[in-house]
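Have a look at the structure below before the remarks.
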Amino acid sequence: MSTATADSHGHAHDAHGHHDQGFIQKYLWSTDHKIIGFQYMFTGMFMALIGGFTVYAFRMQLAFPGMSVPGFGRVTAHDYNSLVTTHGSVMIFWVAMPVLIAALGNYLIPLMIGCDDMVFPRLNRLSYQIFLVSAIVLIASFFVDGGAFGGAWTSYPPLSAKAAYNLTPKGAPMWLIAVALEFVAFLLGGINFVTTVMNSRAPGMKMFDVPIVVWMIIIASILFMASVGPLVAGAVMLLFDQTVGTGFFDPAKGGDPVLWQHLFWFFGHPEVYVVLLPAMGIVAEIITVFSRKKLFAYKTVLYTAIGTGVLSFFVWAHHQFVAGIDPRMANIFSVTTLLISIPVAEMVFVYIATLYGGSIRLTTPMLWALAFIGEFLLGGVTGIFLGSSGSDIYFHDTYFVIAHFHYTFFPIAFIGSFAAITYWFPKMFGKMMNETFGKVHFWGTIISFNFIFIPLFFLGARGDHRRIYDYTNFPDLMKPGMQDMRVLATVALLVLLAFQVVFLANLFYSIVKGPKADKNPWKANTLEWVAESPPPHGNFPELPSVYRGPYEYSHPDAKDDYWPQNEPPPAAAS
Amino acid sequence: MIGQYLEQASTFAQDIDHLVLLITVVVGFWFLLAQFLFFGFILKFRAQEGKKASYIGGEKKSEKRWVSIPHYATLFFDVMIIIAAIRVWQDVKMQMPQADSTVRVIAQQWAWTFVHPGPDNKLDTADDIRTIDELHVELGKTYHFELQSRDVLHSFSVPAFRLKQDAIPGRTIKGWFKTTLSGGFDIQCTEICGIGHGLMPARILIEKPEDHATWVKANAPLAAAAPAPTDVAPTGGSR
């Protein structure tokens with residue numbers, strides 16, 4: 001691990017040194033941003049398996065009510081609620097957040113801005129450790145008396161506030177503690193990301209030379225930090241309501257249950273953009289590389305991302321149109337919500353425009369990045385039905401909502417992550433992934449994904465409401481064809497889950513046995529491709545200097561169709 | 001659209017369905033256009049041996065209009081949808097027409113109690129008719145409802161009416177509907193309310209005037225039977 005050159009610039013964090021380390025020091029107690037990134041990534045993947053297992057169990061129940069689900073058993077109403085709650089919480093807080101922001105932020109930021117590590121490496125390590133504890137608390141809640149919390153990932157009181165109502169005296173506070181710890185972990189990580197990008201950019205790298213994905217992670221971190229405060233406060237209040245009998249959200253004691261909804265969604269809606277923006281950034285990196293095109297209107301992308309972020313603080317109550325808020329408020333939030341479609345649509349337009357005139361190669365990462373755009377478009381436009389107050393009266397809390405946000409969240413959390421992992425895999429592990437298995441996994445996942453959620457749009461439009469474990473009680477929801485659609489969605493889910501085995505097999509096989517990757521297999525411009533694959537502790541033998549923006553592909557003055565950021569211009573080189 | 005699959009049993013069901021149709025047409029057009037360009041570009045600009053990609057920064061004015069024109073188009077259509085949405089919203093949620101009758105809807109874990117005004121058409125009198133999981137209303141009449149909850153959040157949803165409103169303990173939330181179709185339809189609870197959330201189905205029975213009158217007559221309790229006023233302060237958790 002030790003290189004003399006790395007030490008010469010490693011003065012910022014001498015304490016953790018560059019000497020040979022044991023397994024624990026190197027992989028479990030590391031302060032190296034890349035290792036911490038891997039810790040987050042693999043923990044996120046493990047949590048995704050839990051999220052996948054929960055959805056398997058409850059979708060089986062929906063398709064075949066009352067069956068004994070293989071590997072789970074009979075799903076009771078109580079189990080069903082715990083499963084949907086855990087699925088939602090895990091996929092957002094323990095999969096999308098750690099993989100997209102923490103793992104990629106940690107791994108990529110120092111490499112892409114050309115420095116040797118985060119500015120607060122030990123804070124970084126602490127962040128992961130707190131995150132790990134939060135995941136353990138959440139998993140443990142399944143095994144306590146009364147079982148895991150089942151009041152939905154939104155945890156609305158009074159249901160979540162009193163054990164008499166939710167019947168999970170231990171599960172509910174544990175869920176809340178787990179979520180609060182997770183927030184603490186990401187606050188620490190966010191501080192680290194922002195500080196690092198502000199202070200440690202390579203010489204010559206101006207703010208507009210920073211790759212979009214880094215910008216996006218920074219904007220997302222700032223959004224997260226600015227929005228999470230009220231919810232942490234709310235979580236403490238709810239915990240007091242649960243455990244010591246205060247009445248912040250209890251109307252009988254002068255509290256107000258709707259207050260929680262405001263605190264939750266004031267965070268909850270920006271949170272959507274917290275995970276969306278990094279995924280958008282990943283897509284920007286990949287489509288430019290594989291279409292050999294400069295990103296269309298870099299600054300526009302940046303301003304739309306910032307605009308989206310700012311607007312996202314003013315839309316939260318669109319989750320509460322029919323929740324008993326003042327009906328006049330719905331008008332205002334309907335306006336802001338529809339307006340946010342402008343910057344988001346613009347980002348998509350920019351990406352499509354980037355493809356124009358390109359030289360497109362459909363590698364596995366490119367397929368994922370393109371699929372993100374194609375699928376996210378449907379998620380975006382269906383949001384209009386829900387943001388417009390009049391139609392939300394009907395669609396609110398139906399499967400239409402579920403289908404809509406899975407068309408945003410699945411592209412974000414999974415398509416985005418698969419794009420990122422397949423694209424940066426050669427850098428991360430110094431090996432190439434198998435393209436054939438990559439494409440099998442891609443098509444299997446994308447096709448089955450659409451077969452899960454297109455039926456759910458129709459079911460929602462026909463009145464299927466959310467979080468119901470058995471529709472046979474509702475005559476209007478058992479009309480001809482409706483149960484068939486539920487079965488179709490479940491079968492497609494099984495197919496989707498099965499195809500993830502291909503991914504995991506490809507991932508682990510390639511880590512061990514994949515062909516060796518050189519420094520820059522995709523011929524990309526950004527600085528991470530200057531480092532060795534995989535980069536050693538300290539990243540660069542010599543810190544790079546930056547001469548141009550990150551997307552100078554097919555530039556007329558460059559000798560190749562790419563022009564690395566660190567390559568001196570011809571005049572300066574001679 | 002939705003009307004094909006689900007009866008329109010209230011006056012505003014049609015308005016909401018029209019709004020949904022409008023949004024579908026507008027966003028559907030943009031969705032298809034964007035997908036057409038997206039797939040078109042992918043097919044057209046595939047890598048070819050010896051052919052270099054174009055170098056387009058997208059910062060020049062002539063290039064920027066490829067983003068700015070859709071930008072203004074999005075704004076225009078957003079405004080159109082907002083106006084249509086707010087008009088529907090005003091009708092359903094903000095302006096309450098004169099009521100012919102008022103019913104009280106009380107949600108609890110995990111059942112619905114419906115209080116009908118009885119022969120005197122007034123709530124909180126001795127002849128109120130209380131039912132569980134079955135709401136009886138008359139065809140063609142305008143109703144106000146008073147929505148209450150005894151314990152946690154619930155949501156009173158009648159898909160055939162396209163109506164939905166959360167119930168909050170400690171509050172009485174008012175709303176309205178006017179029936180346009182006779183028959184029986186589902187009432188759902190659409191806010192998770194505990195383990196019995198899936199076991200809160202109820203039915204709304206919209207009856208022709210003469211049938212409704214018969215039902216009221218048959219079910220009206222004898223005087224002084226029901227201690228109705230306790231429902232006004234819904235704090236008790238017991239059923």
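Ordered as shown in the structure tokens, chains take letters A, B, and onward, while each chain numbers its residues from 1 and ligands are numbered from 1 in the order shown.
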Counting only C-alpha atoms, give me one row per residue of region 1-115 of chain B with an atom at most 9 Å from an atom of region 149-161 of chain B, showing the shortest contact pair and its distance in Å to one decimal, sorted by chain then residue number, as CSV.
residue,atom,partner,partner_atom,distance
B:Leu6,CA,B:Ala160,CA,6.3
B:Glu7,CA,B:Ala160,CA,5.5
B:Gln8,CA,B:Ala160,CA,5.4
B:Ala9,CA,B:Phe161,CA,5.2
B:Ser10,CA,B:Phe161,CA,4.8
B:Thr11,CA,B:Phe161,CA,7.8
B:Phe12,CA,B:Phe161,CA,7.2
B:Ala13,CA,B:Phe161,CA,5.3
B:Gln14,CA,B:Phe161,CA,9.0
B:Val105,CA,B:Phe156,CA,8.3
B:Ile106,CA,B:Ser149,CA,5.4
B:Ala107,CA,B:Ser149,CA,4.6
B:Gln108,CA,B:Arg150,CA,5.2
B:Gln109,CA,B:Asp151,CA,6.9
Just-selected residues, C-alpha atoms written as a PDB file, in the first residue's frame:
ATOM      1  CA  LEU B   6     -65.418   2.615 -12.687  1.00  0.00           C
ATOM      2  CA  GLU B   7     -68.918   4.033 -12.388  1.00  0.00           C
ATOM      3  CA  GLN B   8     -69.310   7.784 -12.011  1.00  0.00           C
ATOM      4  CA  ALA B   9     -71.680   7.995  -9.090  1.00  0.00           C
ATOM      5  CA  SER B  10     -71.227  11.624  -8.062  1.00  0.00           C
ATOM      6  CA  THR B  11     -71.494  14.927  -9.878  1.00  0.00           C
ATOM      7  CA  PHE B  12     -67.797  15.641  -9.630  1.00  0.00           C
ATOM      8  CA  ALA B  13     -66.689  12.175 -10.715  1.00  0.00           C
ATOM      9  CA  GLN B  14     -67.083  13.369 -14.268  1.00  0.00           C
ATOM     10  CA  VAL B 105     -69.007   9.380   9.181  1.00  0.00           C
ATOM     11  CA  ILE B 106     -67.014   8.108  12.127  1.00  0.00           C
ATOM     12  CA  ALA B 107     -63.905   6.028  11.530  1.00  0.00           C
ATOM     13  CA  GLN B 108     -62.187   3.880  14.088  1.00  0.00           C
ATOM     14  CA  GLN B 109     -59.901   0.857  14.242  1.00  0.00           C
TER      15      GLN B 109
END
Excluding Asp186 (chain B) and residues on its chain fewer than 3 positions from it, collect all residues at most 10 Å away from it, counting only C-alpha atoms, and give them as a PDB file with N, CA and C atoms, in the first residue's frame.
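The result, written out as selection03.pdb:
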ATOM      1  N   GLY A 463     -58.936   1.949  -8.816  1.00  0.00           N
ATOM      2  CA  GLY A 463     -59.333   2.128  -7.425  1.00  0.00           C
ATOM      3  C   GLY A 463     -58.588   1.305  -6.378  1.00  0.00           C
ATOM      4  N   ASN A 473     -61.767  -8.584   0.051  1.00  0.00           N
ATOM      5  CA  ASN A 473     -62.832  -7.968   0.851  1.00  0.00           C
ATOM      6  C   ASN A 473     -63.554  -6.848   0.126  1.00  0.00           C
ATOM      7  N   PHE A 474     -63.037  -6.444  -1.040  1.00  0.00           N
ATOM      8  CA  PHE A 474     -63.599  -5.277  -1.723  1.00  0.00           C
ATOM      9  C   PHE A 474     -64.206  -5.686  -3.059  1.00  0.00           C
ATOM     10  N   PRO A 475     -65.545  -5.789  -3.102  1.00  0.00           N
ATOM     11  CA  PRO A 475     -66.193  -6.261  -4.332  1.00  0.00           C
ATOM     12  C   PRO A 475     -65.798  -5.451  -5.570  1.00  0.00           C
ATOM     13  N   ASP A 476     -65.710  -4.111  -5.434  1.00  0.00           N
ATOM     14  CA  ASP A 476     -65.390  -3.293  -6.607  1.00  0.00           C
ATOM     15  C   ASP A 476     -63.955  -3.501  -7.081  1.00  0.00           C
ATOM     16  N   LEU A 477     -63.101  -4.055  -6.223  1.00  0.00           N
ATOM     17  CA  LEU A 477     -61.708  -4.259  -6.605  1.00  0.00           C
ATOM     18  C   LEU A 477     -61.443  -5.691  -7.039  1.00  0.00           C
TER      19      LEU A 477
ATOM     20  N   GLU B 134     -72.077   0.456   6.542  1.00  0.00           N
ATOM     21  CA  GLU B 134     -73.068   0.564   5.478  1.00  0.00           C
ATOM     22  C   GLU B 134     -73.676   1.947   5.519  1.00  0.00           C
ATOM     23  N   SER B 157     -62.782   7.135   1.577  1.00  0.00           N
ATOM     24  CA  SER B 157     -62.624   7.175   0.130  1.00  0.00           C
ATOM     25  C   SER B 157     -63.751   6.400  -0.536  1.00  0.00           C
ATOM     26  N   VAL B 158     -64.384   7.036  -1.490  1.00  0.00           N
ATOM     27  CA  VAL B 158     -65.420   6.376  -2.287  1.00  0.00           C
ATOM     28  C   VAL B 158     -64.984   6.477  -3.744  1.00  0.00           C
ATOM     29  N   PRO B 159     -64.323   5.447  -4.266  1.00  0.00           N
ATOM     30  CA  PRO B 159     -63.788   5.558  -5.625  1.00  0.00           C
ATOM     31  C   PRO B 159     -64.847   5.919  -6.657  1.00  0.00           C
ATOM     32  N   ALA B 160     -66.062   5.401  -6.498  1.00  0.00           N
ATOM     33  CA  ALA B 160     -67.091   5.696  -7.494  1.00  0.00           C
ATOM     34  C   ALA B 160     -67.474   7.172  -7.486  1.00  0.00           C
ATOM     35  N   PHE B 161     -67.216   7.847  -6.366  1.00  0.00           N
ATOM     36  CA  PHE B 161     -67.432   9.296  -6.294  1.00  0.00           C
ATOM     37  C   PHE B 161     -66.183  10.075  -6.678  1.00  0.00           C
ATOM     38  N   CYS B 189     -60.942   2.575   3.368  1.00  0.00           N
ATOM     39  CA  CYS B 189     -60.088   3.392   4.209  1.00  0.00           C
ATOM     40  C   CYS B 189     -58.754   3.456   3.492  1.00  0.00           C
ATOM     41  N   PRO B 201     -63.501  -2.555   4.836  1.00  0.00           N
ATOM     42  CA  PRO B 201     -64.347  -2.254   3.694  1.00  0.00           C
ATOM     43  C   PRO B 201     -65.740  -1.892   4.185  1.00  0.00           C
ATOM     44  N   ALA B 202     -66.347  -0.959   3.513  1.00  0.00           N
ATOM     45  CA  ALA B 202     -67.733  -0.631   3.808  1.00  0.00           C
ATOM     46  C   ALA B 202     -68.418  -0.426   2.465  1.00  0.00           C
ATOM     47  N   ARG B 203     -69.719  -0.300   2.483  1.00  0.00           N
ATOM     48  CA  ARG B 203     -70.447  -0.086   1.233  1.00  0.00           C
ATOM     49  C   ARG B 203     -71.293   1.157   1.341  1.00  0.00           C
ATOM     50  N   ILE B 204     -71.387   1.861   0.248  1.00  0.00           N
ATOM     51  CA  ILE B 204     -72.355   2.954   0.182  1.00  0.00           C
ATOM     52  C   ILE B 204     -73.479   2.471  -0.714  1.00  0.00           C
ATOM     53  N   LEU B 205     -74.706   2.597  -0.216  1.00  0.00           N
ATOM     54  CA  LEU B 205     -75.862   2.155  -0.985  1.00  0.00           C
ATOM     55  C   LEU B 205     -76.656   3.380  -1.393  1.00  0.00           C
TER      56      LEU B 205
END
At most 7 Å to chain A: residues in chain B, only C-alpha atoms, as an MDAnalysis selection string: chainID B and resid 2 5:6 16 19:20 23 27 31 35 38 41:42 45:48 52:59 67 71 74:75 78 82 85:86 88:89 93:94 152:153 159 162:166 169:170 185:186 190 192:198 201 235
Computed interatomic separation between CA of Ala524 (chain A) and CA of Phe503 (chain A) (Å):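 Atom-to-atom, CA of Ala524 (chain A) and CA of Phe503 (chain A) are spaced 24.1 Å apart.
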9 Å contact set for Asp100 (chain B), only C-alpha atoms, chain neighbours under 2 positions out, as a PyMOL selection string: chain B and resi 98+102+121+141-144
Which of region 78-133 of chain A fall in alpha helix (DSSP H), as an MDAnalysis selection string: chainID A and resid 78:89 104:113 121:133
Selection near Val214 (chain A), 8 Å with only C-alpha atoms, sequence-local residues under 2 positions removed, as a list in words: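 Counting only C-alpha atoms, the residues come to Gly105, Leu108, Ile109, Met112, Val210, Pro211, Ile212, Met216, Ile217, Ile218, Pro278 and Gly281 of chain A.
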Counting only C-alpha atoms, the option among A:Met237, A:Val179, A:Leu277, A:Leu188 closest to Leu223 (chain A):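 Going through A:Met237, A:Val179, A:Leu277, A:Leu188 one by one, the smallest distance to Leu223 (chain A) is for A:Leu277.
Pairwise distance (CA of Thr214 (chain B), CA of Ile129 (chain B)) equals 13.1 Å.
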Contact residues around Thr131 (chain B) with only C-alpha atoms at 9 Å, ignoring same-chain residues under 4 positions, as a VMD selection string: chain B and resid 112 to 116 135 to 136
Mind writing the picked residues with C-alpha atoms as a JSON list (two decimals), in the first residue's frame?
[["chain", "number", "residue", "atom", "x", "y", "z"],
["B", 112, "TRP", "CA", -66.99, 2.73, 10.01],
["B", 113, "THR", "CA", -69.97, 4.09, 11.89],
["B", 114, "PHE", "CA", -72.44, 6.05, 9.81],
["B", 115, "VAL", "CA", -74.97, 8.30, 11.46],
["B", 116, "HIS", "CA", -77.96, 9.07, 9.25],
["B", 135, "LEU", "CA", -73.99, 4.08, 4.39],
["B", 136, "HIS", "CA", -77.43, 4.65, 2.94]]
DSSP strand (DSSP E or B) residues within region 2-225 of chain B, as a ChimeraX atom specification: /B:10,46,101-108,111-116,129-132,134-138,142-149,154-158,163-167,169,173-179,183-189,202-207
Residue subset to file, keeping C-alpha atoms, as a tab-separated table (two decimals), in the first residue's frame:
chain	number	residue	atom	x	y	z
B	10	SER	CA	-71.23	11.62	-8.06
B	46	ARG	CA	-24.88	4.85	-33.40
B	101	SER	CA	-79.15	16.20	4.15
B	102	THR	CA	-76.10	15.65	6.37
B	103	VAL	CA	-74.54	12.38	7.43
B	104	ARG	CA	-71.84	11.77	9.98
B	105	VAL	CA	-69.01	9.38	9.18
B	106	ILE	CA	-67.01	8.11	12.13
B	107	ALA	CA	-63.91	6.03	11.53
B	108	GLN	CA	-62.19	3.88	14.09
B	111	ALA	CA	-64.87	-0.07	11.28
B	112	TRP	CA	-66.99	2.73	10.01
B	113	THR	CA	-69.97	4.09	11.89
B	114	PHE	CA	-72.44	6.05	9.81
B	115	VAL	CA	-74.97	8.30	11.46
B	116	HIS	CA	-77.96	9.07	9.25
B	129	ILE	CA	-80.02	5.92	12.36
B	130	ARG	CA	-76.62	4.46	13.17
B	131	THR	CA	-75.16	1.75	11.02
B	132	ILE	CA	-71.85	-0.05	10.84
B	134	GLU	CA	-73.07	0.56	5.48
B	135	LEU	CA	-73.99	4.08	4.39
B	136	HIS	CA	-77.43	4.65	2.94
B	137	VAL	CA	-78.02	7.71	0.77
B	138	GLU	CA	-80.67	8.82	-1.64
B	142	THR	CA	-76.76	16.62	-2.20
B	143	TYR	CA	-75.16	15.45	1.02
B	144	HIS	CA	-72.78	17.06	3.44
B	145	PHE	CA	-70.68	14.70	5.48
B	146	GLU	CA	-69.01	15.29	8.83
B	147	LEU	CA	-65.94	13.13	9.06
B	148	GLN	CA	-64.49	12.15	12.41
B	149	SER	CA	-62.05	9.63	13.79
B	154	HIS	CA	-58.23	7.10	8.53
B	155	SER	CA	-59.32	8.21	5.11
B	156	PHE	CA	-62.83	8.14	3.77
B	157	SER	CA	-62.62	7.18	0.13
B	158	VAL	CA	-65.42	6.38	-2.29
B	163	LEU	CA	-63.86	11.37	-3.35
B	164	LYS	CA	-61.24	11.07	-0.65
B	165	GLN	CA	-60.73	12.82	2.65
B	166	ASP	CA	-58.59	11.92	5.64
B	167	ALA	CA	-60.22	11.70	9.05
B	169	PRO	CA	-58.98	12.46	15.59
B	173	ILE	CA	-63.91	17.68	8.64
B	174	LYS	CA	-66.77	18.62	6.38
B	175	GLY	CA	-67.26	17.77	2.75
B	176	TRP	CA	-70.00	17.11	0.26
B	177	PHE	CA	-71.17	14.92	-2.60
B	178	LYS	CA	-74.21	14.67	-4.83
B	179	THR	CA	-75.22	11.21	-5.95
B	183	GLY	CA	-76.36	0.99	-6.65
B	184	GLY	CA	-73.83	-0.24	-4.11
B	185	PHE	CA	-70.20	0.85	-4.16
B	186	ASP	CA	-67.07	0.31	-2.07
B	187	ILE	CA	-66.06	2.64	0.70
B	188	GLN	CA	-62.37	2.27	1.45
B	189	CYS	CA	-60.09	3.39	4.21
B	202	ALA	CA	-67.73	-0.63	3.81
B	203	ARG	CA	-70.45	-0.09	1.23
B	204	ILE	CA	-72.35	2.95	0.18
B	205	LEU	CA	-75.86	2.16	-0.99
B	206	ILE	CA	-77.41	4.78	-3.20
B	207	GLU	CA	-81.13	4.20	-3.22
